$ cat model33.cif   # mmCIF, C-alpha atoms
data_protein
#
loop_
_atom_site.label_atom_id
_atom_site.label_comp_id
_atom_site.auth_asym_id
_atom_site.auth_seq_id
_atom_site.Cartn_x
_atom_site.Cartn_y
_atom_site.Cartn_z
CA MET A 1 -5.76 5.28 -22.88
CA ALA A 2 -6.28 1.61 -23.71
CA ASP A 3 -9.95 1.12 -24.59
CA ALA A 4 -12.19 -1.04 -22.44
CA GLU A 5 -12.37 -3.91 -24.90
CA ALA A 6 -8.57 -4.15 -25.21
CA ALA A 7 -8.20 -3.97 -21.46
CA GLY A 8 -10.68 -6.82 -21.09
CA HIS A 9 -8.37 -9.10 -23.07
CA LEU A 10 -5.40 -8.12 -20.91
CA VAL A 11 -6.96 -8.85 -17.54
CA GLY A 12 -8.98 -11.63 -15.97
CA GLY A 13 -7.58 -14.47 -18.05
CA GLY A 14 -9.79 -17.30 -19.24
CA GLY A 15 -12.31 -14.96 -20.85
CA GLU A 16 -13.48 -13.35 -17.59
CA GLY A 17 -15.58 -10.27 -18.27
CA VAL A 18 -14.62 -6.80 -17.15
CA VAL A 19 -17.05 -4.69 -15.15
CA LEU A 20 -16.40 -0.98 -15.61
CA SER A 21 -17.15 1.75 -13.11
CA GLN A 22 -16.08 5.30 -13.83
CA ARG A 23 -12.51 4.48 -12.87
CA ILE A 24 -12.38 0.96 -11.36
CA ARG A 25 -12.31 -2.10 -13.62
CA THR A 26 -13.38 -5.26 -11.81
CA VAL A 27 -12.73 -8.86 -12.81
CA ALA A 28 -13.87 -12.01 -11.03
CA GLU A 29 -10.43 -13.60 -11.11
CA THR A 30 -6.93 -12.92 -12.37
CA GLY A 31 -3.40 -14.02 -11.61
CA SER A 32 -2.13 -10.72 -10.25
CA THR A 33 -3.63 -7.25 -10.58
CA ASN A 34 -0.10 -5.80 -10.51
CA ALA A 35 1.01 -7.99 -13.41
CA ASP A 36 -2.08 -6.97 -15.35
CA MET A 37 -1.52 -3.30 -14.57
CA ILE A 38 2.08 -3.52 -15.77
CA ALA A 39 0.75 -4.82 -19.11
CA LEU A 40 -1.82 -2.04 -19.23
CA ALA A 41 0.88 0.54 -18.45
CA ALA A 42 2.83 -0.66 -21.49
CA SER A 43 -0.31 -0.25 -23.63
CA GLY A 44 -0.63 3.40 -22.62
CA LEU A 45 -3.21 3.27 -19.84
CA GLU A 46 -3.64 6.68 -18.29
CA GLU A 47 -3.20 7.49 -14.63
CA GLY A 48 -6.27 7.28 -12.41
CA VAL A 49 -7.65 3.91 -13.54
CA TRP A 50 -7.80 0.99 -11.07
CA LEU A 51 -8.05 -2.74 -11.59
CA ARG A 52 -9.76 -4.81 -8.87
CA ALA A 53 -10.11 -8.58 -8.74
CA ASP A 54 -12.49 -10.54 -6.54
CA ARG A 55 -9.79 -13.21 -6.35
CA GLN A 56 -6.12 -13.54 -7.36
CA THR A 57 -4.44 -16.85 -8.12
CA SER A 58 -0.83 -15.58 -8.15
CA GLY A 59 -0.83 -12.64 -5.75
CA ARG A 60 2.56 -11.32 -4.65
CA GLY A 61 3.77 -9.32 -1.69
CA ARG A 62 7.05 -7.55 -1.01
CA GLN A 63 10.29 -9.46 -1.65
CA GLY A 64 8.44 -12.10 -3.67
CA ARG A 65 6.23 -13.33 -0.83
CA GLU A 66 3.00 -15.06 -1.79
CA TRP A 67 -0.14 -13.08 -1.03
CA VAL A 68 -3.09 -15.39 -0.35
CA SER A 69 -6.16 -13.96 -2.08
CA PRO A 70 -9.54 -15.45 -1.14
CA VAL A 71 -12.81 -13.85 -2.17
CA GLY A 72 -14.00 -11.15 0.25
CA ASN A 73 -10.88 -9.01 0.56
CA LEU A 74 -9.54 -6.13 -1.52
CA TYR A 75 -7.04 -6.82 -4.30
CA THR A 76 -6.43 -3.81 -6.48
CA SER A 77 -3.76 -2.00 -8.48
CA THR A 78 -3.32 1.37 -10.11
CA LEU A 79 -0.51 3.35 -11.68
CA VAL A 80 1.01 6.79 -11.38
CA ARG A 81 2.75 8.28 -14.41
CA VAL A 82 5.84 9.90 -12.94
CA ARG A 83 6.52 13.43 -14.19
CA PRO A 84 9.92 15.19 -14.16
CA SER A 85 8.63 17.65 -11.56
CA ASP A 86 7.30 14.95 -9.21
CA PRO A 87 8.91 14.04 -5.88
CA PRO A 88 10.96 10.80 -5.82
CA ALA A 89 8.87 7.90 -7.10
CA ALA A 90 9.74 5.74 -4.07
CA THR A 91 7.83 8.14 -1.82
CA LEU A 92 4.60 6.95 -3.41
CA ALA A 93 4.86 4.20 -0.79
CA LEU A 94 4.12 6.85 1.83
CA VAL A 95 1.29 8.26 -0.27
CA THR A 96 -0.29 4.83 -0.51
CA ALA A 97 0.09 4.22 3.20
CA VAL A 98 -1.57 7.45 4.33
CA ALA A 99 -4.40 6.95 1.82
CA LEU A 100 -4.97 3.43 3.15
CA GLU A 101 -5.01 4.62 6.75
CA GLU A 102 -7.53 7.30 5.81
CA ALA A 103 -9.74 4.80 3.99
CA VAL A 104 -9.74 2.35 6.90
CA GLY A 105 -10.51 5.24 9.24
CA ALA A 106 -13.69 5.91 7.29
CA TYR A 107 -15.01 2.54 8.52
CA ARG A 108 -13.29 2.24 11.91
CA PRO A 109 -11.86 5.60 13.00
CA GLY A 110 -8.57 5.56 14.86
CA ALA A 111 -8.15 1.80 14.72
CA ALA A 112 -5.15 1.42 12.42
CA GLN A 113 -1.51 2.47 12.77
CA LEU A 114 1.18 2.72 10.11
CA LYS A 115 4.47 0.82 10.28
CA TRP A 116 7.34 1.58 7.96
CA PRO A 117 7.36 1.57 5.06
CA ASN A 118 3.66 1.06 4.29
CA ASP A 119 2.12 -1.61 6.52
CA LEU A 120 -1.18 -0.95 8.23
CA LEU A 121 -1.65 -2.59 11.64
CA ILE A 122 -4.50 -3.00 14.10
CA ASP A 123 -3.36 -3.94 17.61
CA GLY A 124 0.00 -4.92 16.11
CA ALA A 125 -1.51 -7.34 13.55
CA LYS A 126 -1.12 -6.77 9.82
CA LEU A 127 -4.20 -5.59 7.95
CA SER A 128 -2.81 -4.76 4.52
CA GLY A 129 0.09 -5.09 2.12
CA VAL A 130 1.47 -2.81 -0.59
CA LEU A 131 3.72 -3.62 -3.55
CA LEU A 132 5.27 -0.94 -5.79
CA GLU A 133 6.80 -1.89 -9.15
CA ARG A 134 8.33 0.35 -11.81
CA ALA A 135 7.16 0.02 -15.42
CA GLY A 136 8.81 2.65 -17.61
CA ASP A 137 7.52 6.07 -16.61
CA ALA A 138 4.80 4.45 -14.47
CA VAL A 139 4.84 3.23 -10.89
CA VAL A 140 2.39 0.37 -10.50
CA ILE A 141 0.93 0.18 -7.00
CA GLY A 142 -0.72 -2.99 -5.77
CA VAL A 143 -2.73 -3.11 -2.55
CA GLY A 144 -4.29 -5.94 -0.60
CA VAL A 145 -6.49 -5.33 2.44
CA ASN A 146 -7.96 -8.01 4.70
CA LEU A 147 -11.59 -6.96 4.84
CA SER A 148 -13.49 -10.20 5.55
CA LEU A 149 -10.75 -12.80 6.05
CA HIS A 150 -7.15 -13.03 7.23
CA PRO A 151 -4.52 -15.79 7.26
CA THR A 152 -3.76 -17.58 10.52
CA ASP A 153 -0.76 -19.65 9.45
CA THR A 154 1.81 -16.98 8.54
CA ASP A 155 4.98 -15.85 10.30
CA ARG A 156 3.35 -12.48 10.98
CA VAL A 157 0.15 -12.04 12.94
CA ALA A 158 -2.61 -10.80 10.64
CA THR A 159 -6.11 -9.47 11.15
CA SER A 160 -9.10 -8.19 9.20
CA LEU A 161 -11.73 -5.50 9.56
CA ALA A 162 -14.33 -8.24 10.03
CA ALA A 163 -12.43 -9.39 13.14
CA TYR A 164 -13.30 -5.97 14.63
CA GLY A 165 -16.95 -6.08 13.68
CA VAL A 166 -16.62 -4.04 10.47
CA SER A 167 -18.47 -5.34 7.42
CA VAL A 168 -17.49 -3.63 4.17
CA ASP A 169 -17.91 -4.68 0.58
CA PRO A 170 -14.61 -4.73 -1.38
CA ALA A 171 -16.12 -2.61 -4.16
CA ASP A 172 -17.20 0.07 -1.68
CA PHE A 173 -13.83 0.05 0.07
CA ALA A 174 -12.08 0.34 -3.32
CA GLU A 175 -14.01 3.52 -4.10
CA THR A 176 -13.19 5.03 -0.69
CA PHE A 177 -9.52 4.16 -1.06
CA ALA A 178 -9.32 5.45 -4.64
CA ASP A 179 -10.75 8.80 -3.49
CA ALA A 180 -8.19 9.08 -0.70
CA PHE A 181 -5.33 8.03 -2.96
CA ALA A 182 -6.22 10.65 -5.60
CA ARG A 183 -6.27 13.38 -2.96
CA TRP A 184 -2.89 12.38 -1.55
CA VAL A 185 -1.26 12.07 -4.98
CA GLU A 186 -2.46 15.60 -5.71
CA ARG A 187 -0.94 16.86 -2.44
CA TRP A 188 2.27 14.91 -3.07
CA ARG A 189 2.63 16.63 -6.43
CA GLY A 190 1.49 20.07 -5.34
CA GLU A 191 2.96 20.36 -1.84
CA GLY A 192 5.84 17.89 -1.86
CA VAL A 193 6.89 14.90 0.20
CA ASP A 194 6.95 16.70 3.54
CA VAL A 195 3.18 17.04 3.86
CA VAL A 196 2.85 13.30 3.25
CA ARG A 197 5.71 12.49 5.62
CA ARG A 198 4.14 14.52 8.43
CA ARG A 199 0.79 12.78 7.95
CA TRP A 200 2.51 9.39 7.92
CA VAL A 201 4.30 10.08 11.21
CA SER A 202 1.09 11.30 12.84
CA ALA A 203 -0.65 8.02 11.89
CA ALA A 204 2.23 5.74 12.94
CA HIS A 205 3.16 4.22 16.27
CA PRO A 206 4.53 6.88 18.67
CA VAL A 207 8.05 8.26 18.49
CA GLY A 208 10.14 6.18 20.91
CA THR A 209 8.48 2.87 19.97
CA PRO A 210 11.07 0.03 20.04
CA LEU A 211 11.63 -1.47 16.59
CA THR A 212 13.90 -4.00 14.95
CA ALA A 213 14.88 -3.69 11.31
CA ARG A 214 15.99 -6.77 9.40
CA LEU A 215 18.22 -5.53 6.61
CA PRO A 216 18.69 -7.01 3.11
CA ASP A 217 22.14 -8.38 4.09
CA GLY A 218 20.58 -10.49 6.85
CA SER A 219 21.70 -8.33 9.77
CA ALA A 220 19.30 -6.73 12.25
CA VAL A 221 19.26 -3.32 13.90
CA ASP A 222 17.32 -2.52 17.09
CA GLY A 223 16.40 1.02 18.02
CA LEU A 224 13.71 3.50 18.92
CA PHE A 225 11.49 5.02 16.26
CA GLU A 226 12.49 8.63 15.67
CA GLY A 227 10.49 9.44 12.57
CA LEU A 228 11.27 9.62 8.86
CA ASP A 229 13.90 11.62 7.02
CA ALA A 230 13.05 14.07 4.24
CA GLN A 231 12.81 11.26 1.66
CA GLY A 232 10.77 8.90 3.82
CA ALA A 233 13.56 6.64 5.11
CA LEU A 234 13.17 5.25 8.64
CA ILE A 235 15.22 6.86 11.44
CA LEU A 236 16.16 4.73 14.44
CA ARG A 237 17.81 5.97 17.63
CA LEU A 238 20.29 3.29 18.70
CA ALA A 239 21.25 2.34 22.25
CA ASP A 240 24.46 4.40 22.07
CA GLY A 241 22.48 7.50 21.12
CA THR A 242 23.43 7.55 17.45
CA ARG A 243 20.90 7.70 14.66
CA ARG A 244 20.65 5.06 11.93
CA VAL A 245 18.77 5.74 8.71
CA ILE A 246 17.15 2.64 7.20
CA HIS A 247 16.42 2.74 3.47
CA ALA A 248 15.37 -0.90 2.95
CA GLY A 249 14.38 -3.79 5.18
CA ASP A 250 11.60 -5.45 7.16
CA VAL A 251 10.59 -3.67 10.36
CA PHE A 252 8.96 -5.26 13.38
CA LEU A 253 7.54 -3.83 16.58
CA LEU A 254 9.36 -5.11 19.67
#
$ encode --input "model33.cif" --output "structure tokens"
Amino acid sequence: MADAEAAGHLVGGGGEGVVLSQRIRTVAETGSTNADMIALAASGLEEGVWLRADRQTSGRGRQGREWVSPVGNLYTSTLVRVRPSDPPAATLALVTAVALEEAVGAYRPGAAQLKWPNDLLIDGAKLSGVLLERAGDAVVIGVGVNLSLHPTDTDRVATSLAAYGVSVDPADFAETFADAFARWVERWRGEGVDVVRRRWVSAAHPVGTPLTARLPDGSAVDGLFEGLDAQGALILRLADGTRRVIHAGDVFLL
């Protein structure tokens, strides 16, 4: 494991200090916690350590989207060292999603729903974002959650826990989420993808919900949500009764 002093030089540029908890390293500001975690992965950082920033200056979402990162929300990354016996690495997206839903439920039970592949929604508005990146034998997992603030000028409606009367400190939420994530990674490894998939479906919008999937080639597919396949891909029931399995794309509730 990279020692704390070395890690301090790798994160929180500009000489920012590193605050260490038992497993969560916190910096006041950095460019991107995912970028920092990729560097730490290369230096041999062990699984189970988290990096949290009060503020990011170069946060990124899926497909290269900018992730606005004001103080008051959660910006954190961790890594999982993939073992030969592990389920497919891509299914860690489902693990992250169910852990996030569980963590939010600790502060506002039953409020959030999952949307494929790993978005968390409240009343149809986006609460969180997840970005997975591969770095050798590690999968780096970045998570942003709107705790105190949310953007109002994006193409997708967003919300925050504060908008629903929930006040939670980012450091406290990070601990709750890290606990949930560790439990679900253990189940993912010990019981397989199916236990995670079933939990994901139970926390998602109901089967039969109308969805549209915008695919990487620019086309769109409309259908009814029919669950996830064994590897976590989205299954849509089309108007002609056929089933379409979606492996990549942006999904929207209709």
$ atom_distance --input "model33.cif" --atom1 "atom CA of Asn73 of chain A" --atom2 "atom CA of Ala174 of chain A"
10.2 Å
$ resolve_selection --input "model33.cif" --expression "the PyMOL selection byres ((chain A and resi 122) around 12)" --output "number ranges by chain"
A: 101, 104-105, 108-115, 119-121, 123-128, 146, 157-164, 203-205
$ closest_residue --input "model33.cif" --among "A:Ala89, A:Ser148, A:Ile246, A:Glu29" --to "Gly136 of chain A" --atoms "all atoms listed in the file"
A:Ala89
$ residues_around --input "model33.cif" --residues "Ala182 of chain A" --least-positions-apart "5" --cutoff "12 Å" --atoms "all atoms listed in the file" --output "PyMOL selection string"
chain A and resi 23+47-50+78-80+92+95-96+98-100+102-103+175-177+187-189
$ resolve_selection --input "model33.cif" --expression "the PyMOL selection byres ((chain A and resi 232-243) around 10)" --output "PyMOL selection string"
chain A and resi 88+90-94+115-117+193-194+196-198+200-201+207-213+221-231+244-249+251
$ atom_distance --input "model33.cif" --atom1 "atom CA of Gly72 of chain A" --atom2 "atom CA of Ala135 of chain A"
28.6 Å
$ atom_distance --input "model33.cif" --atom1 "atom CA of Gln56 of chain A" --atom2 "atom CA of Leu132 of chain A"
17.1 Å
$ closest_residue --input "model33.cif" --among "A:Thr76, A:Ser85, A:Ser58, A:Ser43" --to "Val143 of chain A" --atoms "only C-alpha atoms"
A:Thr76
$ resolve_selection --input "model33.cif" --expression "the PyMOL selection byres ((chain A and resi 42) around 12)" --output "PyMOL selection string"
chain A and resi 1-2+7+10+35-41+43-46+79+81+134-140
$ build_atoms --input "model33.cif" --residues "segment 112-136 of chain A" --atoms "N, CA and C atoms" --output "mmCIF file, in the frame of the given file"
data_model
loop_
_atom_site.group_PDB
_atom_site.id
_atom_site.type_symbol
_atom_site.label_atom_id
_atom_site.label_comp_id
_atom_site.auth_asym_id
_atom_site.auth_seq_id
_atom_site.Cartn_x
_atom_site.Cartn_y
_atom_site.Cartn_z
ATOM 1 N N ALA A 112 -6.353 1.919 13.081
ATOM 2 C CA ALA A 112 -5.150 1.420 12.420
ATOM 3 C C ALA A 112 -3.952 2.354 12.655
ATOM 4 N N GLN A 113 -2.765 1.742 12.679
ATOM 5 C CA GLN A 113 -1.510 2.470 12.770
ATOM 6 C C GLN A 113 -0.614 2.065 11.608
ATOM 7 N N LEU A 114 0.219 3.007 11.162
ATOM 8 C CA LEU A 114 1.180 2.720 10.110
ATOM 9 C C LEU A 114 2.490 2.211 10.695
ATOM 10 N N LYS A 115 3.123 1.304 9.961
ATOM 11 C CA LYS A 115 4.470 0.820 10.280
ATOM 12 C C LYS A 115 5.282 0.875 9.005
ATOM 13 N N TRP A 116 6.504 1.352 9.127
ATOM 14 C CA TRP A 116 7.340 1.580 7.960
ATOM 15 C C TRP A 116 7.602 0.296 7.192
ATOM 16 N N PRO A 117 7.594 0.347 5.822
ATOM 17 C CA PRO A 117 7.360 1.570 5.060
ATOM 18 C C PRO A 117 5.896 1.849 4.758
ATOM 19 N N ASN A 118 5.050 0.804 4.692
ATOM 20 C CA ASN A 118 3.660 1.060 4.290
ATOM 21 C C ASN A 118 2.688 0.028 4.830
ATOM 22 N N ASP A 119 3.050 -0.660 5.913
ATOM 23 C CA ASP A 119 2.120 -1.610 6.520
ATOM 24 C C ASP A 119 1.085 -0.899 7.364
ATOM 25 N N LEU A 120 -0.119 -1.463 7.378
ATOM 26 C CA LEU A 120 -1.180 -0.950 8.230
ATOM 27 C C LEU A 120 -1.497 -2.022 9.255
ATOM 28 N N LEU A 121 -1.463 -1.652 10.537
ATOM 29 C CA LEU A 121 -1.650 -2.590 11.640
ATOM 30 C C LEU A 121 -2.861 -2.203 12.476
ATOM 31 N N ILE A 122 -3.518 -3.214 13.036
ATOM 32 C CA ILE A 122 -4.500 -3.000 14.100
ATOM 33 C C ILE A 122 -4.069 -3.862 15.271
ATOM 34 N N ASP A 123 -3.844 -3.232 16.416
ATOM 35 C CA ASP A 123 -3.360 -3.940 17.610
ATOM 36 C C ASP A 123 -2.131 -4.785 17.292
ATOM 37 N N GLY A 124 -1.253 -4.257 16.448
ATOM 38 C CA GLY A 124 0.000 -4.920 16.110
ATOM 39 C C GLY A 124 -0.110 -5.994 15.050
ATOM 40 N N ALA A 125 -1.309 -6.309 14.573
ATOM 41 C CA ALA A 125 -1.510 -7.340 13.550
ATOM 42 C C ALA A 125 -1.668 -6.680 12.183
ATOM 43 N N LYS A 126 -1.158 -7.352 11.159
ATOM 44 C CA LYS A 126 -1.120 -6.770 9.820
ATOM 45 C C LYS A 126 -2.476 -6.835 9.142
ATOM 46 N N LEU A 127 -2.902 -5.689 8.630
ATOM 47 C CA LEU A 127 -4.200 -5.590 7.950
ATOM 48 C C LEU A 127 -4.048 -5.529 6.440
ATOM 49 N N SER A 128 -2.932 -5.009 5.958
ATOM 50 C CA SER A 128 -2.810 -4.760 4.520
ATOM 51 C C SER A 128 -1.375 -4.942 4.065
ATOM 52 N N GLY A 129 -1.213 -5.023 2.748
ATOM 53 C CA GLY A 129 0.090 -5.090 2.120
ATOM 54 C C GLY A 129 0.119 -4.234 0.888
ATOM 55 N N VAL A 130 1.308 -3.700 0.559
ATOM 56 C CA VAL A 130 1.470 -2.810 -0.590
ATOM 57 C C VAL A 130 2.707 -3.256 -1.368
ATOM 58 N N LEU A 131 2.597 -3.273 -2.684
ATOM 59 C CA LEU A 131 3.720 -3.620 -3.550
ATOM 60 C C LEU A 131 3.833 -2.582 -4.658
ATOM 61 N N LEU A 132 4.992 -1.902 -4.734
ATOM 62 C CA LEU A 132 5.270 -0.940 -5.790
ATOM 63 C C LEU A 132 6.245 -1.551 -6.788
ATOM 64 N N GLU A 133 5.937 -1.393 -8.090
ATOM 65 C CA GLU A 133 6.800 -1.890 -9.150
ATOM 66 C C GLU A 133 6.912 -0.834 -10.242
ATOM 67 N N ARG A 134 8.119 -0.644 -10.765
ATOM 68 C CA ARG A 134 8.330 0.350 -11.810
ATOM 69 C C ARG A 134 8.098 -0.274 -13.181
ATOM 70 N N ALA A 135 7.422 0.453 -14.055
ATOM 71 C CA ALA A 135 7.160 0.020 -15.420
ATOM 72 C C ALA A 135 7.322 1.222 -16.337
ATOM 73 N N GLY A 136 8.544 1.477 -16.792
ATOM 74 C CA GLY A 136 8.810 2.650 -17.610
ATOM 75 C C GLY A 136 8.612 3.926 -16.814
#
